[in-house]
Each structure stands twice: as structure tokens, then as C-alpha cells.
Amino acid sequence: MSGSTTATKVPPADGASAHDHSQSSNPEQQFHHDSAVKAADIAHREIIRKNMESYDAGHMKGRGRFTDWDAARERCQAIKREAINHLDKYLLQFEENVTARGGHVFWAANSEEARKYIADLAVRHAVKTVVKSKSMVTEEIELAGALEKVGCTVWETDLGEYIVQLRHEPPYHIVTPAMHLNRTQIAELFRDKLNEPDLPEDPQQLVAAARRKLRKAFFAAEMGISGANFLVADVGAVAISTNEGNGRLSTSVPRIHVAVTGIEKVIPRLEDLATLWPVLATSGTGQPVTTYGTLIGGAKRPGEADGPEEFHVVLVDNGRSSLVGHPEEREVLHCIRCGACLNICPVYRHIGGHSYGTTYPGPIGSVLTPHLRGREFEHLSYATSLCGACTTVCPVKIDLHHHLLHNRRDFMKKGHGKASERMQFRLWRMAMLNPRLYALGGWFGRKSLRTIYGLGLSGSVFDPLRAWNRKRATLPVAKESFREQWRKGLGGKQ
Amino acid sequence: MPCFVDQLTPEVAVDSVKVLRHVGCEVEFREDQTCCGQPAFNTGYWDEAAPCAERFVRVFRDAETIVCPSGSCTTMVRKFYPELLKESPIRSEAIEVGKRTFELSEFLVKVAGLTDVGATFPHTVAYHASCHALRELQLRDEPLQLLRAVNGLKLVEMTRNEECCGFGGTFATKFADISAAMGQSKVESVEASGAEYVTALDPSCLMHVQGMLTRNKFKAQTIHLASILASNGARA
Amino acid sequence: MAANNNPSRDRILERIRAGLSVPVATHDEAAPRPFFAPIENPLERFQQECKANLMELTITSDAPASAQQLSSILGTLPAGEIFVQDHPSLRRLVEAAGVSREIRWSAQGGPREVAQATVSLAEALVAQTGSIFVTAACGGRGASVVAPCHIVFATTDQLVRDLKTALSNATKNGVLRNNSFACMISGSSRTADIEKILVQGAHGPIRLAVILQRA
């Protein structure tokens, strides 16, 4: 496939975003920088707002198809809870059913092992072209780069993924990877990269152009890679929910199909999909179900007209097993990756998906990433006002905002907080335990602030509240506290 | 009483006392109280927050009813004390104290059974649904019922009124840019609604929103629900 | 896969088991409540959903009418070969429709990239979501995705009320024991990746037509 640009997506590992030129090896600093830039970007905010409003409308309409949306959420929560609370049993049942029919199941402890298995497979089978349908886990393990290193050309076939691949960017959102772009930008991109200079801005035409280009890849590829929305234990099948048909073609035409998935995707029974499919679609896009609910249990069987000759499932751990034993956060593994929490989150709406610098952004990403990638990402648990909107929309009822709080507690317990901050809170505690000290401190604080602001020094280096005052009008400070007023007569007879 | 109301916006407490007395309650202010512990708790310093919480329980253990003009402080006491004080000998008392602690509008409507407190406030008002009160205390309708009963008050619709204003405690200074951007969106909604005033249950939201309103030179003013309910005429 | 080929397997299982032995907060299992309205008239519901899914549904009364419908659909397509699932009922249908095009039958393999249409049977139809449930036995995997137009021939006795019934039947009948593949199809391919605007026809079929003959 000459002329195709299949660049390695810039991995979010070092937090660099496509628009940032000040590289920083510190994810926290990078986040502060990127989120500040995006928060001030009005045009970006408008695009996201428009997209989210469209999603909101579709989503609410979708919820209306349920007579009791909360009951559906509870059922989904129960299914996933059963699955995770017996994770070993169901994974083994899944593996047994798949291998009994000739499929291969590989358990990868980490990204490196997963990449190696798949790259070795590609080399053994002299794979030159790979078609990929959407899989956040393949982003997580940075698979594309590993395949390119062994000489494969990797085609992202999901339209949104294809667009960001052409732009050398990571996906912006776990369900709609190119949400941040408008048709003008996409048309320009396609005219250039697809060598179709007369391509109009019309979305229909743009999709048709992508179809033309990618169709050749589907029929030339030796290996197709997919993700998995669910691993169905009782029948030993991978369930994939898609709309575009690229997931179908990627898993039907090439000789080898590899499904890459996190270990937490398992569910007990095929029938569970009768609830999970509609709920996932409603929360993800507002649809009643996605166009294709594909079930794959193995490679082509004798008598079947077509299908891959080999079927591999790569089960990725990469830190997930550590959450199983977390007394409060095991339920984080219930996530079905619908994206609803990203969509409702006011922080996400203002800083966008790239600012997080992680595979999984938004509330679920902020909760999950420190457990998968370590303390460098703890700051994400603080970059939230804990408004709780995420928890209200999660279709499997994960208590997301409380887990952000739990993360904060755990990090402080481990001593990861700034020493100065800990000291501040120790002083604070001392004052709060002593009402006279508290009243005195309050009086002194107000007096000094009123003096500082009276001198016009608000926001300056002399202002202890400058972080506040630099972004807002100067904080008005009362002359008398309430308790002073109470003593002065407010508490008197009514 | 929220610690920062005491120190920074005491009129919220003054007006709360007025309203409660007006509807016939005997109001007591225990000077021993300091803070519910939320700032430390929310930042993850549970070891520092726990003694404050225990203190709160001891100060209020024999109070018949505790009313607080803040959804977030009320949430701290009722929803989070059981978890924060899980290992504490005072835990069951804390749960009992929590059951008797109410946010102001919650108390008026659900405990005292009132929606009309005899207030007059002839202005257009938009309502911002503070997060803790909305999602932790499930107070959606109660504040609106109180506002609708106020003489002369016209409640106007505001877009995205359940979206967080961006205060979030220490988030407001640690991630000031994001906080300000969220506040900016909020005050744009306020301005677009045309309301003269925007009200909420949480003084912390209002402090943040006022800061953004003033910075933008928008015409709307913030006012706490307690101050509306204590009002008996036009504001100066 | 043997443990020596995959040493991480046992380590991961061990970590999971260790984690599961940690006590976590228990939850009361609420009694399950229904969340979908019962479907009184499955055929009517199927029609409504197919319309919403932008599928072309035609209900026919007998074999000649079905053949006529097939002929009519093929008449709207550009010239070129079509792919048909090799099954006696489709052999009869195609003959009765008087198809003059090149036909590639599924016994010869999967559809070729140039196919203008694919024709297949279905395992079941689902009223709740207007879905066609196909398996590998319905002409293979490509039969429902390769060509721009997919035509399904089914009979009304194949219609079930909801996803729960369809999937429960699939489990009972060992559909995934006997087939490497199955798919619940609820429309033609589509995408909203550009400005969230729905575009019909992405990489899969642009049209999905159903000829539903009364049993």
C-alpha cells in the first residue's frame, strides 16, 4: 500500500499533545500546561459543547426507550459485579471454550508481552499489511509502533481513528476519536493525504473517500486486529459492538484475527448481552443498539464459506489485576468503556481529551490511570471539582467521583502529597480544634487581607490568595465575622 | 455554620438566622464550632480531617436539629462522616448527628413542611444547582419550591444549570485555569438568561461565580437563597 | 496454551485470586426490575424498528411475490456479480426471480470484493430492535458485509420478540458451538465520526433489504 501515511501515533506516555511544543517529561507539569491552554481556547470549547449537546439529546432520547433506566443500570452493575467477583472462574471458562475449538488465548502481564506476542505472530506469518478496528487497549499497549517495527503497514480503519492517525495524533475521545475536528479540517486532511484534491466538504463524500481508500487495505491485509467489548464466558466468544462495518471486515477477510482485550471485559453469559448491548449503545451514542453486534468464537470452521484461518485472543493485565484486591475500587473494573462519563464531565468539556495525556481520559481515566501507570498520574485525581455528574450517568453505577476522593486519600496516606501542603493542613487542624485560635486566626486573616486589598495589592506576590484573585475579581472580605456579630447582639432575644 | 461563611460571607448566616426565627425556630449558635473538616477531607488528608469531624460531633451531639446554609457542609456531615470516622469510637454518634443535620432549604421544606416563608424579592432570579446538594442530598425541587413562593420573584430558566460552576474546594486554586474556564461558562449561562440575580444553596459556588461575574462586568449579582428568603423588599 | 509458552498466565491468575480473597464492601442485590415494555405485536414492532433503522423491509405473501421483490431490488443495482448463500430455498428464489447476473454461491467461498449484492438467509429476526441475526451458516462472514447491498430472505415464523429470546435460543441451540461467527445486524453500516452527523454507508453495506415472507 504505497503512498499511505501510517505513522506511529505519538504515544501519550510522555504526555505530549499534538499541539504542544514545550515537551516535558513530567506528566503533571504537562497536564497543567495543556489543560490551561485548552481551558482558554474558546473555539475548542464551542466545538466540544456542540458535540456534547448533540450527544445529550441523543442519549436522553435513547434512555426514553427504557421503562426504567435505573433498573437497567442496576442489572448491568449486577452482571459486571458477578463477572469480576469471579474473574478467575469466568476467564478460565472463556479460555476453555475458545481453545476447545482451536483458538489461541494468550495472557499478557503487560504491554510489552502483548506487543511481543502479536509482533512475533506477524513475523511468523510474513504479515505485511494489518487492518485495525477500534481498540483502546491497543492504544494502551502502543501496538501499532511495534508492528511497524517488524515491517508491517498498519491501517486504522475506524473513521475517527483513521483521521487522527493521518494527523499523527492520539484519539481525542474513547468513542469519537476525531470529535475535536470539523468537516473543513477533515476535508483538507483527506485532500492532502488521500490524494483527492477535489474532495468536497460534505461528510457523505468524505466517508466515501475513506471507504475507497481503506477497502483496498481490507482485501490486502493478512492480519486483522480488533478489540473486544465483552468476552462471553459460557459460549467462549468475543463480542464486538460497531457501526461502520470496519470491525466486520477486519475480522472476516484477513487470514489471521487477533482480538486484544483487557482481562476485565469478561461477562458470564451470552444472554447478558440482551441488557449490555442496548445499555452500551444508549450510553455511548444514544442508539438503541449498535448496527453490528458481532460474536466471534473462533477461526473458520470446516463447511463455512469464509473467515480467518487463525483466531487469537490476547488478554492484557497491565495493572488491572491490582485493582481486584482494592477494597473500594474493584468496581472500577466494571467499566464498559461507553464514554458517558467523559461526555458529561465539565472538566473534560473545558480541557478536551488530549490534555489528559493518557489513553483513557475523563473521570474513568482519572480514577484508573494511576493504578495502571503509577504515581506520575495521581494529579488527575485532583483535577476535578468532584461534582459527581459522572457517577449519575455511569451505566454500571461505578461510584466514580467517590473513587477520585479515595485516590486522593490513598496518595496522601502513601506520603505523595507536598510536604508544605501537609504542614498547612496540620496547622489548619490545630486551629480547627481550638475555637479561640480559629477565631483569632480568622480575625487576623481578614484584617491582613483587607489591608492588602485596600492597598491595591490583590493578585500580587503579597496576596496569599493570589491564585484565586488572578482569575477572578478580588475576593470581598467581610469586616466582622458572624461570631463577632452574634456576640454583638445577633444572638440576643428575638 | 460553614467556616468560610463565618469569616468571609457572614451575611449568609445572619440571613439564615433571620429566616429560621421568622418561621418560629429557636436558633442557637454554638461558639465552640469551627469547621466540619471538609477542606482537609476533600484534599485527601483524612487523618487531619477526622479530629475536626469528631469535634463537630461532640459540639453538636445534644442538639435537637442542626441546620446549615451549605449543601457541601451538610453532605460532609451526613454522607461522609460515617466513612471518615469508620474507625472512630464516636462513629455511631456521628451517624445520629448526621440524621439531624439539614441543609437550610431541606429543613424548611422537608422538616418544617413550609414553602412560603413570607419573603418578598421582586427580581428575576436564575437558580444554579450546587453539586453536593443536587447529587449527594438529592435536593432538586425543594429550593425551587421556596423560590416560587417568594413574593414578586420571577424564576428564569438558565441553560446548563446543573453543570458544576467550577469551585470544587482546593481545585479552584490548584487548577485555577480549569476552574475559571468552568466559571466562565457558568456566568455566560447566567448572562444569557437575563436574570438580575443568580442564587444557589452553596455560598462557595456563589463566591466563585461572583468573582467571575464581576471580572466579566456582567450585570447579574449573586445572592444566597437564605438572603432571598430573609428579604422583605427590594435590595439596595 | 501450555504454561511454559505463557508463564504470565499463572501469575495473572494468582494475582486475581489473591485480589479476590480481599474482603470488599458487600452489596445488597436489589430484586431485578423489568426495564423494557412488553412487546404486544412483534411484527408491528419489527416494522417500526426497521423503518427507524433505515432498512428496506417488504412483507410478501408467497414465494412468487418474494421472487418478484428480489428481482426488483436487483434491478436497482449496477451490473455485476452477486453472492448468494448456497441453500435450496435461495436456489429456488433466485431461479424464480429470473436472475441473469453472474452468481457466486457460498459453496465456492466468500463473496468477492466486486460483488454488487449479497443474498442470505437469517438465523432469526428480532422485533425489539429490528435486527437480523445471522451466523456463519448464512453464507459466511462476508455475506453480510462485503457488498454495498445486503438482501436477507426470511419468514415470519423466524421472528422473536426480543434480544433476550434470541440470545437465549442461540445458547440453547449451540449457535456458537456450531458456528465460528454470528452477528446481530440492525441496519446498514453508518458513522457519525464527522461532526456527529449520521452518514449512511461506511465500510459495510449502504443498504440492507429484508424480504419477509409470511409463513
# chains A, B, ... in the order shown; residues from 1 in each chain; ligands from 1
$ closest_atom_pairs --of "chain A" --to "chain C" --cutoff "6 Å" --atoms "only C-alpha atoms" --output "CSV"
residue,atom,partner,partner_atom,distance
A:Phe66,CA,C:Phe36,CA,5.3
A:Thr67,CA,C:Phe35,CA,4.9
A:Asp68,CA,C:Phe35,CA,4.7
A:Ala71,CA,C:Arg33,CA,5.8
A:Ala72,CA,C:Phe35,CA,5.9
A:Trp107,CA,C:Arg9,CA,5.1
A:Ala109,CA,C:Ser8,CA,5.7
A:Gly160,CA,C:Asp193,CA,5.5
A:Thr176,CA,C:Asp193,CA,5.9
A:Asn182,CA,C:Glu195,CA,5.8
A:Gln204,CA,C:Val199,CA,5.8
A:Arg211,CA,C:His203,CA,5.5
A:Asn243,CA,C:Arg190,CA,5.6
A:Glu244,CA,C:Ser189,CA,4.8
A:Gly245,CA,C:Gly204,CA,4.3
A:Asn246,CA,C:His203,CA,5.5
A:Ser252,CA,C:Arg141,CA,5.7
A:Glu271,CA,C:Leu167,CA,5.2
A:Ala274,CA,C:Lys164,CA,5.0
A:Thr291,CA,C:Ser186,CA,4.7
A:Tyr292,CA,C:Ile185,CA,4.9
A:Gly293,CA,C:Met184,CA,4.8
A:Thr294,CA,C:Cys183,CA,4.3
A:Leu295,CA,C:Ala182,CA,5.1
A:Ile296,CA,C:Phe181,CA,4.6
A:Gly297,CA,C:Ser180,CA,4.9
A:Gly298,CA,C:Ser180,CA,4.9
A:Glu304,CA,C:Gly140,CA,5.8
A:Ala305,CA,C:Gly109,CA,4.5
A:Asp306,CA,C:Gly110,CA,4.9
A:Ser321,CA,C:Ile16,CA,5.4
A:Val324,CA,C:Gly19,CA,4.8
A:Gly325,CA,C:Gly19,CA,3.5
A:Pro327,CA,C:Val24,CA,4.5
$ write_last_selection --atoms "C-alpha atoms" --output "short mmCIF file (atom, residue, chain, number, x, y, z; two decimals), in the first residue's frame"
data_model
loop_
_atom_site.label_atom_id
_atom_site.label_comp_id
_atom_site.auth_asym_id
_atom_site.auth_seq_id
_atom_site.Cartn_x
_atom_site.Cartn_y
_atom_site.Cartn_z
CA PHE A 66 -36.25 2.07 28.69
CA THR A 67 -39.25 1.96 31.01
CA ASP A 68 -36.86 2.09 33.98
CA ALA A 71 -33.25 -0.75 36.73
CA ALA A 72 -31.25 -1.36 33.55
CA TRP A 107 -2.30 -13.94 28.79
CA ALA A 109 1.09 -9.43 32.03
CA GLY A 160 -12.27 8.64 13.60
CA THR A 176 -15.49 9.52 18.93
CA ASN A 182 -14.79 19.85 11.89
CA GLN A 204 -21.06 11.78 2.93
CA ARG A 211 -14.20 3.81 2.22
CA ASN A 243 -21.43 0.68 13.41
CA GLU A 244 -19.14 1.20 10.48
CA GLY A 245 -18.53 -2.32 9.26
CA ASN A 246 -14.77 -1.93 9.52
CA SER A 252 -13.73 -11.59 8.21
CA GLU A 271 -27.92 -13.65 27.37
CA ALA A 274 -29.57 -8.56 25.91
CA THR A 291 -25.52 -1.62 13.93
CA TYR A 292 -23.37 -4.73 14.38
CA GLY A 293 -23.24 -6.88 17.49
CA THR A 294 -20.60 -9.34 16.31
CA LEU A 295 -19.84 -12.62 18.09
CA ILE A 296 -16.68 -14.50 17.22
CA GLY A 297 -15.85 -17.85 18.75
CA GLY A 298 -13.00 -19.00 16.58
CA GLU A 304 -18.04 -22.30 6.47
CA ALA A 305 -17.74 -20.18 3.35
CA ASP A 306 -15.05 -17.84 4.63
CA SER A 321 -5.34 -7.39 38.49
CA VAL A 324 -9.18 -6.73 42.09
CA GLY A 325 -7.83 -6.61 45.61
CA PRO A 327 -11.34 -2.93 48.88
#
$ select_by_dssp --residues "range 75-128 of chain B" --states "strand (DSSP E)" --output "PyMOL selection string"
chain B and resi 101-103+124-127
$ write_last_selection --atoms "C-alpha atoms" --output "JSON list (two decimals), in the first residue's frame"
[["chain", "number", "residue", "atom", "x", "y", "z"],
["B", 101, "THR", "CA", -28.33, 17.76, 60.21],
["B", 102, "PHE", "CA", -30.08, 19.50, 57.33],
["B", 103, "GLU", "CA", -29.30, 21.99, 54.65],
["B", 124, "THR", "CA", -35.66, 37.96, 38.16],
["B", 125, "VAL", "CA", -33.64, 35.11, 39.56],
["B", 126, "ALA", "CA", -31.82, 32.18, 37.98],
["B", 127, "TYR", "CA", -31.11, 29.07, 40.03]]
$ select_by_dssp --residues "range 80-256 of chain A" --states "alpha helix (DSSP H)" --output "mmCIF file with C-alpha atoms, in the first residue's frame"
data_model
loop_
_atom_site.group_PDB
_atom_site.id
_atom_site.type_symbol
_atom_site.label_atom_id
_atom_site.label_comp_id
_atom_site.auth_asym_id
_atom_site.auth_seq_id
_atom_site.Cartn_x
_atom_site.Cartn_y
_atom_site.Cartn_z
ATOM 1 C CA LYS A 80 -20.344 -6.994 35.876
ATOM 2 C CA ARG A 81 -20.122 -7.482 39.605
ATOM 3 C CA GLU A 82 -20.768 -11.192 39.186
ATOM 4 C CA ALA A 83 -18.152 -11.338 36.460
ATOM 5 C CA ILE A 84 -15.421 -9.501 38.369
ATOM 6 C CA ASN A 85 -16.159 -11.161 41.693
ATOM 7 C CA LEU A 87 -12.962 -13.182 37.458
ATOM 8 C CA ASP A 88 -10.715 -16.236 37.512
ATOM 9 C CA LYS A 89 -13.577 -18.670 37.014
ATOM 10 C CA TYR A 90 -15.087 -16.815 34.061
ATOM 11 C CA LEU A 91 -11.766 -16.133 32.353
ATOM 12 C CA LEU A 92 -10.914 -19.812 32.580
ATOM 13 C CA GLN A 93 -14.326 -20.800 31.237
ATOM 14 C CA PHE A 94 -13.857 -18.394 28.343
ATOM 15 C CA GLU A 95 -10.368 -19.725 27.616
ATOM 16 C CA GLU A 96 -11.515 -23.343 27.737
ATOM 17 C CA ASN A 97 -14.339 -22.719 25.286
ATOM 18 C CA VAL A 98 -12.130 -20.816 22.856
ATOM 19 C CA THR A 99 -9.221 -23.249 22.913
ATOM 20 C CA ALA A 100 -11.525 -26.264 22.605
ATOM 21 C CA SER A 111 2.096 -4.072 27.265
ATOM 22 C CA GLU A 112 5.483 -5.444 26.297
ATOM 23 C CA GLU A 113 4.386 -9.066 26.443
ATOM 24 C CA ALA A 114 1.248 -8.314 24.448
ATOM 25 C CA ARG A 115 3.186 -6.422 21.782
ATOM 26 C CA LYS A 116 5.778 -9.188 21.521
ATOM 27 C CA TYR A 117 3.200 -11.933 21.094
ATOM 28 C CA ILE A 118 1.402 -10.093 18.316
ATOM 29 C CA ALA A 119 4.568 -8.905 16.568
ATOM 30 C CA ASP A 120 6.034 -12.439 16.669
ATOM 31 C CA LEU A 121 2.794 -13.749 15.198
ATOM 32 C CA ALA A 122 3.017 -11.204 12.385
ATOM 33 C CA VAL A 123 6.615 -12.171 11.641
ATOM 34 C CA ARG A 124 5.886 -15.911 11.698
ATOM 35 C CA MET A 136 -8.437 1.435 23.254
ATOM 36 C CA VAL A 137 -6.378 -1.427 24.651
ATOM 37 C CA THR A 138 -4.236 -1.443 21.504
ATOM 38 C CA GLU A 139 -3.631 2.276 22.137
ATOM 39 C CA GLU A 140 -2.767 1.470 25.726
ATOM 40 C CA LEU A 143 0.723 -1.841 19.392
ATOM 41 C CA ALA A 144 0.903 -0.002 16.062
ATOM 42 C CA GLY A 145 4.506 1.048 16.581
ATOM 43 C CA ALA A 146 5.577 -2.480 17.465
ATOM 44 C CA LEU A 147 4.038 -3.852 14.268
ATOM 45 C CA GLU A 148 5.594 -1.153 12.158
ATOM 46 C CA LYS A 149 8.972 -2.036 13.631
ATOM 47 C CA LEU A 159 -13.072 6.504 10.559
ATOM 48 C CA GLY A 160 -12.268 8.637 13.599
ATOM 49 C CA GLU A 161 -9.114 6.602 14.333
ATOM 50 C CA TYR A 162 -8.069 6.820 10.685
ATOM 51 C CA ILE A 163 -8.426 10.597 10.776
ATOM 52 C CA VAL A 164 -6.273 11.032 13.889
ATOM 53 C CA GLN A 165 -3.749 8.528 12.556
ATOM 54 C CA LEU A 166 -3.317 10.679 9.450
ATOM 55 C CA ARG A 183 -15.531 18.861 8.311
ATOM 56 C CA THR A 184 -13.352 21.605 6.874
ATOM 57 C CA GLN A 185 -10.322 20.284 8.690
ATOM 58 C CA ILE A 186 -11.104 16.702 7.728
ATOM 59 C CA ALA A 187 -11.667 17.634 4.085
ATOM 60 C CA GLU A 188 -8.311 19.419 3.951
ATOM 61 C CA LEU A 189 -6.647 16.422 5.544
ATOM 62 C CA PHE A 190 -8.197 13.966 3.088
ATOM 63 C CA ARG A 191 -7.473 16.109 0.060
ATOM 64 C CA ASP A 192 -3.840 16.044 1.019
ATOM 65 C CA LYS A 193 -3.326 12.530 2.371
ATOM 66 C CA PRO A 203 -19.488 14.390 5.233
ATOM 67 C CA GLN A 204 -21.056 11.785 2.926
ATOM 68 C CA GLN A 205 -18.327 12.337 0.345
ATOM 69 C CA LEU A 206 -15.617 12.302 2.972
ATOM 70 C CA VAL A 207 -16.825 8.960 4.296
ATOM 71 C CA ALA A 208 -16.995 7.590 0.753
ATOM 72 C CA ALA A 209 -13.397 8.675 0.153
ATOM 73 C CA ALA A 210 -12.230 6.882 3.285
ATOM 74 C CA ARG A 211 -14.196 3.807 2.221
ATOM 75 C CA ARG A 212 -12.493 3.767 -1.185
ATOM 76 C CA LYS A 213 -9.048 4.053 0.337
ATOM 77 C CA LEU A 214 -9.487 1.578 3.150
ATOM 78 C CA ARG A 215 -11.295 -1.052 1.126
ATOM 79 C CA LYS A 216 -8.066 -1.892 -0.642
ATOM 80 C CA ALA A 217 -6.413 -2.389 2.731
ATOM 81 C CA PHE A 218 -9.121 -4.760 3.986
ATOM 82 C CA PHE A 219 -8.698 -7.029 0.997
ATOM 83 C CA ALA A 220 -4.913 -6.979 1.028
ATOM 84 C CA ASN A 246 -14.766 -1.928 9.525
ATOM 85 C CA GLY A 247 -14.732 -4.234 12.540
ATOM 86 C CA ARG A 248 -16.694 -6.766 10.500
ATOM 87 C CA LEU A 249 -14.360 -6.625 7.517
ATOM 88 C CA SER A 250 -11.220 -6.681 9.668
#
$ atom_distance --atom1 "CA of Ala215 in chain C" --atom2 "CA of Val84 in chain C"
21.7 Å
$ residues_around --residues "His173 in chain A" --least-positions-apart "2" --cutoff "9 Å" --atoms "only C-alpha atoms" --output "list in words"
Pro171, Val175, Thr176, Pro177, Ala178, Met179, His180, Gly339, Leu342, Gly352, Gly353, His354, Tyr360, Pro361 and Gly362 of chain A
$ closest_residue --among "A:Val150, A:Cys390, A:Val313, A:Ala281" --to "chain B" --atoms "only C-alpha atoms"
A:Cys390
